[in-house]
Every structure is written in structure tokens, then in C-alpha cells.
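Colleague: If it helps, the file is called run_1.cif and holds mmCIF, C-alpha atoms:
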```cif
data_work
#
loop_
_atom_site.group_PDB
_atom_site.id
_atom_site.type_symbol
_atom_site.label_atom_id
_atom_site.label_comp_id
_atom_site.auth_asym_id
_atom_site.auth_seq_id
_atom_site.Cartn_x
_atom_site.Cartn_y
_atom_site.Cartn_z
ATOM 1 C CA MET A 13 -15.784 -36.606 -12.949
ATOM 2 C CA SER A 14 -19.066 -34.871 -13.803
ATOM 3 C CA LEU A 15 -21.020 -37.637 -12.118
ATOM 4 C CA SER A 16 -18.811 -37.405 -9.027
ATOM 5 C CA LEU A 17 -19.273 -33.654 -8.764
ATOM 6 C CA ALA A 18 -23.032 -33.979 -9.239
ATOM 7 C CA GLY A 19 -23.155 -36.737 -6.616
ATOM 8 C CA PHE A 20 -21.188 -34.582 -4.199
ATOM 9 C CA PHE A 21 -23.666 -31.751 -4.713
ATOM 10 C CA PHE A 22 -26.657 -34.044 -4.104
ATOM 11 C CA ALA A 23 -25.016 -35.517 -0.998
ATOM 12 C CA PHE A 24 -24.084 -32.077 0.356
ATOM 13 C CA PRO A 25 -26.430 -29.529 -1.248
ATOM 14 C CA THR A 26 -24.575 -26.343 -0.350
ATOM 15 C CA VAL A 27 -23.598 -23.268 -2.298
ATOM 16 C CA ILE A 28 -19.955 -24.381 -2.120
ATOM 17 C CA ALA A 29 -20.789 -27.798 -3.600
ATOM 18 C CA LEU A 30 -22.800 -26.102 -6.361
ATOM 19 C CA CYS A 31 -19.874 -23.780 -7.117
ATOM 20 C CA LEU A 32 -17.500 -26.770 -7.249
ATOM 21 C CA PHE A 33 -19.843 -28.512 -9.677
ATOM 22 C CA ILE A 34 -20.107 -25.464 -11.947
ATOM 23 C CA ILE A 35 -16.403 -24.610 -11.870
ATOM 24 C CA GLY A 36 -15.454 -28.263 -12.365
ATOM 25 C CA SER A 37 -17.750 -28.539 -15.377
ATOM 26 C CA ILE A 38 -16.304 -25.402 -16.952
ATOM 27 C CA LEU A 39 -12.722 -26.533 -16.365
ATOM 28 C CA MET A 40 -13.450 -29.960 -17.874
ATOM 29 C CA GLN A 41 -14.859 -28.345 -21.018
ATOM 30 C CA ILE A 42 -11.757 -26.177 -21.347
ATOM 31 C CA GLN A 43 -9.487 -29.204 -20.912
ATOM 32 C CA ILE A 44 -11.453 -31.219 -23.472
ATOM 33 C CA ARG A 45 -11.138 -28.446 -26.053
ATOM 34 C CA LEU A 46 -7.385 -28.104 -25.435
ATOM 35 C CA GLU A 47 -6.923 -31.854 -25.859
ATOM 36 C CA GLU A 48 -9.005 -31.853 -29.044
ATOM 37 C CA GLU A 49 -6.820 -29.105 -30.533
ATOM 38 C CA TYR A 50 -3.689 -31.054 -29.644
ATOM 39 C CA LEU A 51 -5.025 -34.298 -31.113
ATOM 40 C CA LEU A 52 -6.065 -32.510 -34.291
ATOM 41 C CA ARG A 53 -2.557 -31.079 -34.722
ATOM 42 C CA GLN A 54 -0.940 -34.454 -34.019
ATOM 43 C CA HIS A 55 -3.219 -36.721 -36.047
ATOM 44 C CA GLY A 56 -4.977 -34.471 -38.568
ATOM 45 C CA GLU A 57 -7.548 -36.189 -40.779
ATOM 46 C CA ILE A 58 -7.434 -39.452 -38.814
ATOM 47 C CA TYR A 59 -8.592 -37.610 -35.710
ATOM 48 C CA LYS A 60 -11.284 -35.722 -37.657
ATOM 49 C CA ALA A 61 -12.711 -39.032 -38.871
ATOM 50 C CA TYR A 62 -12.579 -40.476 -35.354
ATOM 51 C CA LYS A 63 -14.244 -37.365 -33.920
ATOM 52 C CA LYS A 64 -17.185 -37.761 -36.323
ATOM 53 C CA LYS A 65 -17.811 -41.297 -35.015
ATOM 54 C CA VAL A 66 -17.699 -40.602 -31.273
ATOM 55 C CA GLY A 67 -19.149 -38.010 -28.961
ATOM 56 C CA ARG A 68 -17.216 -35.480 -26.966
ATOM 57 C CA MET A 69 -18.022 -37.166 -23.666
ATOM 58 C CA ILE A 70 -19.119 -40.676 -22.783
ATOM 59 C CA SER A 71 -22.888 -41.033 -22.775
ATOM 60 C CA LEU A 72 -24.754 -43.696 -20.878
ATOM 61 C CA HIS A 73 -27.459 -45.041 -23.161
#
```
Can the structure from this file be put into C-alpha cells for me?
Modeller:
Amino acid sequence: MSLSLAGFFFAFPTVIALCLFIIGSILMQIQIRLEEEYLLRQHGEIYKAYKKKVGRMISLH
């Protein structure tokens, strides 16, 4: 989603596209944090161990 929003901004470099990119990024971070809280409540220590092994978002390296 982040890559799509960034691509949209680079294809159509307008203030509106920039605003969509910024707002989209903020909303994704909020959603990620809500999901992390839910998973922690549901799975407890198992999720904590999993969270230590993986990053918050997929990285391309």
C-alpha cells in the first residue's frame, strides 16, 4: 500500500497526491498498532516472541 501511494505521487506529483500519501501512511500506522494490540491480547507471549523475530512492516532487502 505504501509503495502504491508513493508510486501514485511520483506519477501524479500534486498536492492532493502528496496529501493522500501522508494521510494513507498515518492511517496504516494506526491500523498496524490496533492490530498489534489485538494480537497481543489474543496470543500473549507467543505473539511477543513472534514480534521480536519480525519487523513491523515488510522490508525489501
Colleague: Determine the nearest neighbour of A:Leu15 from the options A:Ile70, A:Arg53, A:Leu46, A:Tyr62, counting all atoms listed in the file.
Modeller: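 Using all atoms listed in the file, A:Leu15 sits closest to A:Ile70.
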Colleague: Name all residues at most 12 Å from stretch 26-40 of chain A (count all atoms listed in the file; drop same-chain ones fewer than 3 positions away) and give them as a PyMOL selection string.
Modeller: chain A and resi 13-23+43-47+68-69
Colleague: What's around A:Tyr59 at 12 Å? Count all atoms listed in the file, leave out sequence neighbours fewer than 5 positions away in its own chain, and write the answer as a ChimeraX atom specification.
Modeller: /A:47-54,64-66
Colleague: Which centre and which edge lengths, in Å to one decimal, describe the axis-aligned box that holds all listed atoms of stretch 33-52 of chain A after 3 Å is added on each side, as JSON?
Modeller:
```
{"center_x": -11.9, "center_y": -29.5, "center_z": -22.0, "size_x": 22.4, "size_y": 15.7, "size_z": 30.6}
```
